[in-house]
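Okay, so here's the structure we're looking at.
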Amino acid sequence: MEIAKLIEQIDRTDITAIERLSALKELSKYAKSGEIARDGDGTWVNNHIHTCYSFSPYTPTSAVFYAWRAGLGTAGIMDHDSVGGIREFIEAGKIMEMPVTCGFECRVSVKGTDLEGRRINNPDQKSCAYLAMHGIPHQSVDAAEEALSVVRNKRNERNRKMCDSITALVSPYGISLDFDRDVYPISMAKEGGSITERHILFALTKKITSAYPNREDACDFIEKLASPLGKTREKLLNAPEEFYEYDILGVLKGHMVEKFYIPADEELMHISEFTALAKKLGAISAYAYLGDVGESPTGDKKAQKFEDDYLPALFDTLKKMKFSAVTYMPSRNTSEQLDEIMRRCDADGLFQISGEDINSPRQSFICPALGDPRYGHLRRATYALIGHENEGTKDISLSMFSDDTVKKFPSLPERVARFAALGGYSE
């Protein structure tokens, strides 16, 4: 089969993981022969790639392939409330001879902590934080799924209500949104995937583009529904077809959620339950730093305050809740924000992880900021993650933050260096 057809196969969500992986095996032959060009030399890293098991244009198989083609030396899967794509992602990594790491992202309640009542790193809800669990040993995937399936089921109850709220907003224009008919089918929920606000808004996007095939008309409707488009209108009018609906989704996500959002409650783990689960799984609990956001020059994000005004309280809470790490994205923060976060992580002995949140075809798998020598430790940390996951898969007691390992190697820098070497790190 020719290369283009094989790439089509690995992108498909209507076939099995086995079929996608079979197509990747054929593609890997072209990769090894040099018939598929690679954009980089394999020195880049990314630990936060979403797949179709949460919201993304990429299957676990295609995510690994595109990451390899972009020039990554390693890649990490990070889906919301789901570990459904992990085993496929691992196998795809083996086929492409690229080490991978596995985790998931979820929201938690911070009630009863010093963070209660604050807007943390969640734009939509106070007292609710996004957290990442990295480096899940492979024998712990089923235990992670057991916990997350409860979260997804409760979340879907809320998703149905939010679809009803959207229908109330758009029904005067002859549009409706049904969870079971419009949203569920565009997800991987039947295979353990999650359904997020992005799924809901993507289903609404498809309703909009169907009702308003003319882009000018679609833009007029979006302005009625969400917000004045400003500079973004030109972007939508000229977007390539493969980006158009994702660009609309970006506008709706930035400006419409507050009109239909129902706060999460019953589905949320408590922050203490999250770190306890990480300990049980042999995984690494990480707080996902967002940082205050200034006004977006493209007009598709609004300015908003997050953690920067109360960092001492945030880090005190992370220490009390026994977090192992903080994850952050160098491309989205200022150097001053990053310097402060790195300083606090060093002071509190928190492992630093980086990953660029990938969930749209416009996004690059490469984070150019990681080429800055100031962030070289984040590349080393990625290979420490790989070493941790490999060792933890042999035996959880061998993982980087197990009681046995911490007792044997109490110095975090020493431990990171050791696990990075185990993960294949080289300068």
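Starting from 1 in every chain, residues are counted up; chains themselves are A, B, ... following the order of the structure tokens, and ligands are numbered from 1 as listed.
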
*Using only C-alpha atoms, which residues sit within 10 Å of Tyr30 in chain A once same-chain residues fewer than 6 positions away are excluded, as number ranges by chain?*
A: 2-3, 24, 36-37

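Looking only at range 203-411 of chain A, the set that DSSP places in strand (DSSP E or B) from backbone geometry is Met269, His270, Ile284, Ser285, Ala286, Tyr287, Ala288, Val293, Gln304, Ala325, Val326, Thr327, Tyr328, Phe351, Gln352, Ile353, Ser354 and Ile358 of chain A.
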
*asked:* Applying 9 Å and only C-alpha atoms, which residues near range 253-267 of chain A remain after dropping the ones on its own chain fewer than 4 positions away? List them as a ChimeraX atom specification.
replied: /A:107-109,124-126,128,150-155,158-159,161-166,169,197-198,201,225-227,248-249,300-302

So that I have them on file, write out the residues from the current selection with C-alpha atoms, as a PDB file, in the first residue's frame.
ATOM      1  CA  ARG A 107      -9.833  17.698  37.206  1.00  0.00           C
ATOM      2  CA  VAL A 108     -10.023  17.496  40.980  1.00  0.00           C
ATOM      3  CA  SER A 109     -11.725  19.286  43.847  1.00  0.00           C
ATOM      4  CA  ASP A 124     -14.330  27.513  33.879  1.00  0.00           C
ATOM      5  CA  GLN A 125     -14.605  26.763  37.588  1.00  0.00           C
ATOM      6  CA  LYS A 126     -13.160  27.830  40.933  1.00  0.00           C
ATOM      7  CA  CYS A 128     -11.230  22.906  40.713  1.00  0.00           C
ATOM      8  CA  VAL A 150     -16.381   6.159  37.456  1.00  0.00           C
ATOM      9  CA  VAL A 151     -15.284   9.711  36.631  1.00  0.00           C
ATOM     10  CA  ARG A 152     -16.386   9.409  32.976  1.00  0.00           C
ATOM     11  CA  ASN A 153     -19.801   7.984  33.812  1.00  0.00           C
ATOM     12  CA  LYS A 154     -20.578  10.827  36.205  1.00  0.00           C
ATOM     13  CA  ARG A 155     -19.156  13.367  33.788  1.00  0.00           C
ATOM     14  CA  ARG A 158     -23.300  16.498  33.364  1.00  0.00           C
ATOM     15  CA  ASN A 159     -22.465  16.460  29.640  1.00  0.00           C
ATOM     16  CA  LYS A 161     -27.296  18.584  30.860  1.00  0.00           C
ATOM     17  CA  MET A 162     -24.831  20.928  29.146  1.00  0.00           C
ATOM     18  CA  CYS A 163     -26.075  19.776  25.735  1.00  0.00           C
ATOM     19  CA  ASP A 164     -29.595  20.664  26.875  1.00  0.00           C
ATOM     20  CA  SER A 165     -28.336  24.103  27.939  1.00  0.00           C
ATOM     21  CA  ILE A 166     -26.769  24.666  24.521  1.00  0.00           C
ATOM     22  CA  LEU A 169     -29.357  28.831  23.445  1.00  0.00           C
ATOM     23  CA  GLU A 197     -16.474  20.191  26.569  1.00  0.00           C
ATOM     24  CA  ARG A 198     -14.420  20.168  23.372  1.00  0.00           C
ATOM     25  CA  LEU A 201     -18.453  22.245  21.114  1.00  0.00           C
ATOM     26  CA  LEU A 225     -23.630  33.149  19.894  1.00  0.00           C
ATOM     27  CA  ALA A 226     -20.206  33.723  21.419  1.00  0.00           C
ATOM     28  CA  SER A 227     -18.318  36.986  21.006  1.00  0.00           C
ATOM     29  CA  ILE A 248     -14.313  27.600  15.163  1.00  0.00           C
ATOM     30  CA  LEU A 249     -14.021  25.241  18.118  1.00  0.00           C
ATOM     31  CA  ASP A 300      -9.506  33.885  20.530  1.00  0.00           C
ATOM     32  CA  LYS A 301      -8.527  33.864  24.232  1.00  0.00           C
ATOM     33  CA  LYS A 302      -9.479  36.286  26.946  1.00  0.00           C
TER      34      LYS A 302
END

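Put simply, CA of Gly71 in chain A is 21.8 Å away from CA of Gly85 in chain A.
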
*asked:* Rounded to one decimal, what separation in Å do you get between CA of Glu88 in chain A and CA of Gly192 in chain A?
replied: 12.6 Å

So that I can check the surroundings of Asp348 in chain A, please list as an mmCIF file with N, CA and C atoms, in the first residue's frame every protein, DNA and RNA residue that reaches within 10 Å of it, counting only C-alpha atoms and ignoring chain neighbours fewer than 6 positions away.
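Below you can see selection_2.cif, which holds the result:
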data_model
loop_
_atom_site.group_PDB
_atom_site.id
_atom_site.type_symbol
_atom_site.label_atom_id
_atom_site.label_comp_id
_atom_site.auth_asym_id
_atom_site.auth_seq_id
_atom_site.Cartn_x
_atom_site.Cartn_y
_atom_site.Cartn_z
ATOM 1 N N PHE A 315 2.033 26.274 46.359
ATOM 2 C CA PHE A 315 3.119 25.332 46.614
ATOM 3 C C PHE A 315 3.034 24.717 48.009
ATOM 4 N N ASP A 316 2.511 25.462 48.975
ATOM 5 C CA ASP A 316 2.286 24.867 50.297
ATOM 6 C C ASP A 316 1.278 23.727 50.204
ATOM 7 N N LEU A 318 0.619 21.894 47.478
ATOM 8 C CA LEU A 318 1.251 20.771 46.775
ATOM 9 C C LEU A 318 2.112 19.962 47.728
ATOM 10 N N LYS A 319 2.805 20.652 48.632
ATOM 11 C CA LYS A 319 3.653 19.954 49.599
ATOM 12 C C LYS A 319 2.806 19.141 50.580
ATOM 13 N N SER A 324 4.555 15.027 43.601
ATOM 14 C CA SER A 324 5.918 14.710 43.197
ATOM 15 C C SER A 324 6.466 15.695 42.175
ATOM 16 N N ALA A 325 5.581 16.365 41.418
ATOM 17 C CA ALA A 325 6.066 17.133 40.261
ATOM 18 C C ALA A 325 5.162 18.308 39.932
ATOM 19 N N MET A 342 10.298 27.573 38.267
ATOM 20 C CA MET A 342 11.480 26.712 38.403
ATOM 21 C C MET A 342 12.149 26.923 39.762
#

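With only C-alpha atoms as the atoms that count, the minimum distance from Ile386 in chain A to the choices A:Ser33, A:Ser399, A:Ser335, A:Gln363 is reached by A:Ser399.
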
_Using only C-alpha atoms for the distances, tell me which of A:Leu412, A:Cys367, A:Met78, A:Ile7 is nearest to Tyr66 in chain A._
A:Ile7

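Among the candidate residues A:Glu146, A:Ala17, A:Ser127, A:Val110, the one lying nearest to Glu91 in chain A is A:Ala17, with distances computed using only C-alpha atoms.
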
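When the distance limit is 9 Å and only C-alpha atoms are what count, the residues near Glu145 in chain A, minus those fewer than 2 positions from it on the same chain, are Asp81, Ser82, Val83, Gly84, Ser140, Val141, Asp142, Ala143, Ala147, Leu148, Ser149, Val150 and Gly192 of chain A.
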
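Closest to Val64 in chain A among A:Ser426, A:Thr43, A:Ser28, A:Asn121 is A:Ser28, based on only C-alpha atoms.
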
*List every residue of range 104-235 of chain A that DSSP, applied to the backbone of this structure, assigns to helix (DSSP H, G or I), and report them as a ChimeraX atom specification.*
/A:138-173,179-186,189-191,197-211,215-225,232-235

Go ahead and save the residues from that selection, with C-alpha atoms, as a CSV table (one decimal), in the first residue's frame.
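So out-v2.csv came out as:
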chain,number,residue,atom,x,y,z
A,138,HIS,CA,2.0,-0.6,32.4
A,139,GLN,CA,0.6,-3.2,34.9
A,140,SER,CA,-1.3,-0.3,36.6
A,141,VAL,CA,-3.3,0.7,33.5
A,142,ASP,CA,-6.3,-1.4,34.4
A,143,ALA,CA,-6.4,0.0,38.0
A,144,ALA,CA,-6.3,3.5,36.5
A,145,GLU,CA,-9.1,2.6,34.2
A,146,GLU,CA,-11.2,1.3,37.1
A,147,ALA,CA,-10.9,4.7,38.8
A,148,LEU,CA,-11.5,6.8,35.6
A,149,SER,CA,-14.5,4.9,34.4
A,150,VAL,CA,-16.4,6.2,37.5
A,151,VAL,CA,-15.3,9.7,36.6
A,152,ARG,CA,-16.4,9.4,33.0
A,153,ASN,CA,-19.8,8.0,33.8
A,154,LYS,CA,-20.6,10.8,36.2
A,155,ARG,CA,-19.2,13.4,33.8
A,156,ASN,CA,-21.5,12.2,31.0
A,157,GLU,CA,-24.5,12.9,33.2
A,158,ARG,CA,-23.3,16.5,33.4
A,159,ASN,CA,-22.5,16.5,29.6
A,160,ARG,CA,-26.1,15.6,28.8
A,161,LYS,CA,-27.3,18.6,30.9
A,162,MET,CA,-24.8,20.9,29.1
A,163,CYS,CA,-26.1,19.8,25.7
A,164,ASP,CA,-29.6,20.7,26.9
A,165,SER,CA,-28.3,24.1,27.9
A,166,ILE,CA,-26.8,24.7,24.5
A,167,THR,CA,-30.0,23.6,22.8
A,168,ALA,CA,-31.8,26.2,24.8
A,169,LEU,CA,-29.4,28.8,23.4
A,170,VAL,CA,-29.4,27.8,19.8
A,171,SER,CA,-33.0,26.5,19.3
A,172,PRO,CA,-34.3,29.9,18.2
A,173,TYR,CA,-32.0,29.5,15.2
A,179,PHE,CA,-25.7,14.2,23.5
A,180,ASP,CA,-26.5,10.6,22.3
A,181,ARG,CA,-27.1,11.5,18.7
A,182,ASP,CA,-24.5,14.3,18.0
A,183,VAL,CA,-21.8,14.1,20.7
A,184,TYR,CA,-21.3,10.5,21.7
A,185,PRO,CA,-20.6,9.3,18.1
A,186,ILE,CA,-17.7,11.6,17.6
A,189,ALA,CA,-16.4,6.6,24.6
A,190,LYS,CA,-17.4,3.1,23.6
A,191,GLU,CA,-13.8,2.1,23.9
A,197,GLU,CA,-16.5,20.2,26.6
A,198,ARG,CA,-14.4,20.2,23.4
A,199,HIS,CA,-16.4,17.2,22.0
A,200,ILE,CA,-19.6,19.1,22.8
A,201,LEU,CA,-18.5,22.2,21.1
A,202,PHE,CA,-17.1,20.3,18.1
A,203,ALA,CA,-20.5,18.7,17.7
A,204,LEU,CA,-22.0,22.2,17.8
A,205,THR,CA,-19.4,23.4,15.3
A,206,LYS,CA,-20.5,20.8,12.9
A,207,LYS,CA,-24.1,21.9,13.4
A,208,ILE,CA,-23.1,25.5,12.7
A,209,THR,CA,-21.1,24.7,9.5
A,210,SER,CA,-24.0,22.5,8.3
A,211,ALA,CA,-26.6,25.3,8.9
A,215,ARG,CA,-18.3,31.2,6.0
A,216,GLU,CA,-19.4,34.8,6.3
A,217,ASP,CA,-22.8,33.6,7.5
A,218,ALA,CA,-21.2,31.2,9.9
A,219,CYS,CA,-19.0,34.0,11.3
A,220,ASP,CA,-22.1,36.2,11.7
A,221,PHE,CA,-23.8,33.5,13.7
A,222,ILE,CA,-20.8,32.8,15.9
A,223,GLU,CA,-20.6,36.4,16.8
A,224,LYS,CA,-24.3,36.3,17.9
A,225,LEU,CA,-23.6,33.1,19.9
A,232,THR,CA,-10.2,36.0,14.3
A,233,ARG,CA,-12.9,36.5,11.6
A,234,GLU,CA,-10.3,36.8,8.9
A,235,LYS,CA,-8.6,33.7,10.2

What's the 12 Å shell around Phe243 in chain A, counting only C-alpha atoms, without same-chain residues fewer than 3 positions away, as a compact mmCIF listing (two decimals) with N, CA and C atoms, in the first residue's frame?
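For reference, selection_17.txt as written:
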# COMPACT_ATOMS: atom_id res chain seq x y z
N PRO A 57 -7.31 15.26 16.84
CA PRO A 57 -7.45 14.65 15.52
C PRO A 57 -6.60 13.40 15.36
N LYS A 235 -9.21 35.00 10.11
CA LYS A 235 -8.61 33.67 10.25
C LYS A 235 -9.61 32.59 9.85
N LEU A 236 -10.85 32.73 10.30
CA LEU A 236 -11.88 31.74 9.96
C LEU A 236 -12.22 31.77 8.48
N LEU A 237 -12.30 32.96 7.93
CA LEU A 237 -12.66 33.07 6.51
C LEU A 237 -11.61 32.46 5.60
N ASN A 238 -10.37 32.47 6.03
CA ASN A 238 -9.28 32.00 5.18
C ASN A 238 -8.65 30.68 5.63
N ALA A 239 -9.22 30.06 6.64
CA ALA A 239 -8.63 28.82 7.16
C ALA A 239 -8.71 27.70 6.13
N PRO A 240 -7.63 26.93 5.98
CA PRO A 240 -7.72 25.71 5.16
C PRO A 240 -8.83 24.81 5.68
N TYR A 246 -11.82 23.22 13.51
CA TYR A 246 -11.03 23.32 14.74
C TYR A 246 -10.85 24.77 15.15
N ASP A 247 -10.74 25.68 14.18
CA ASP A 247 -10.60 27.10 14.50
C ASP A 247 -11.90 27.65 15.10
N ILE A 248 -13.04 27.20 14.57
CA ILE A 248 -14.31 27.60 15.16
C ILE A 248 -14.40 27.08 16.59
N LEU A 249 -14.03 25.83 16.78
CA LEU A 249 -14.02 25.24 18.12
C LEU A 249 -13.20 26.09 19.08
N GLY A 250 -12.04 26.57 18.62
CA GLY A 250 -11.20 27.39 19.47
C GLY A 250 -11.90 28.65 19.94
N ASN A 359 -3.93 19.16 20.83
CA ASN A 359 -5.28 18.64 20.58
C ASN A 359 -5.91 19.22 19.31
N SER A 360 -5.09 19.89 18.48
CA SER A 360 -5.60 20.50 17.26
C SER A 360 -4.58 20.31 16.13
N PRO A 361 -5.04 20.18 14.89
CA PRO A 361 -4.09 19.96 13.79
C PRO A 361 -3.21 21.17 13.49
N ARG A 362 -3.58 22.34 14.02
CA ARG A 362 -2.74 23.53 13.79
C ARG A 362 -1.49 23.52 14.66
N GLN A 363 -1.53 22.76 15.75
CA GLN A 363 -0.43 22.82 16.71
C GLN A 363 0.77 22.01 16.24
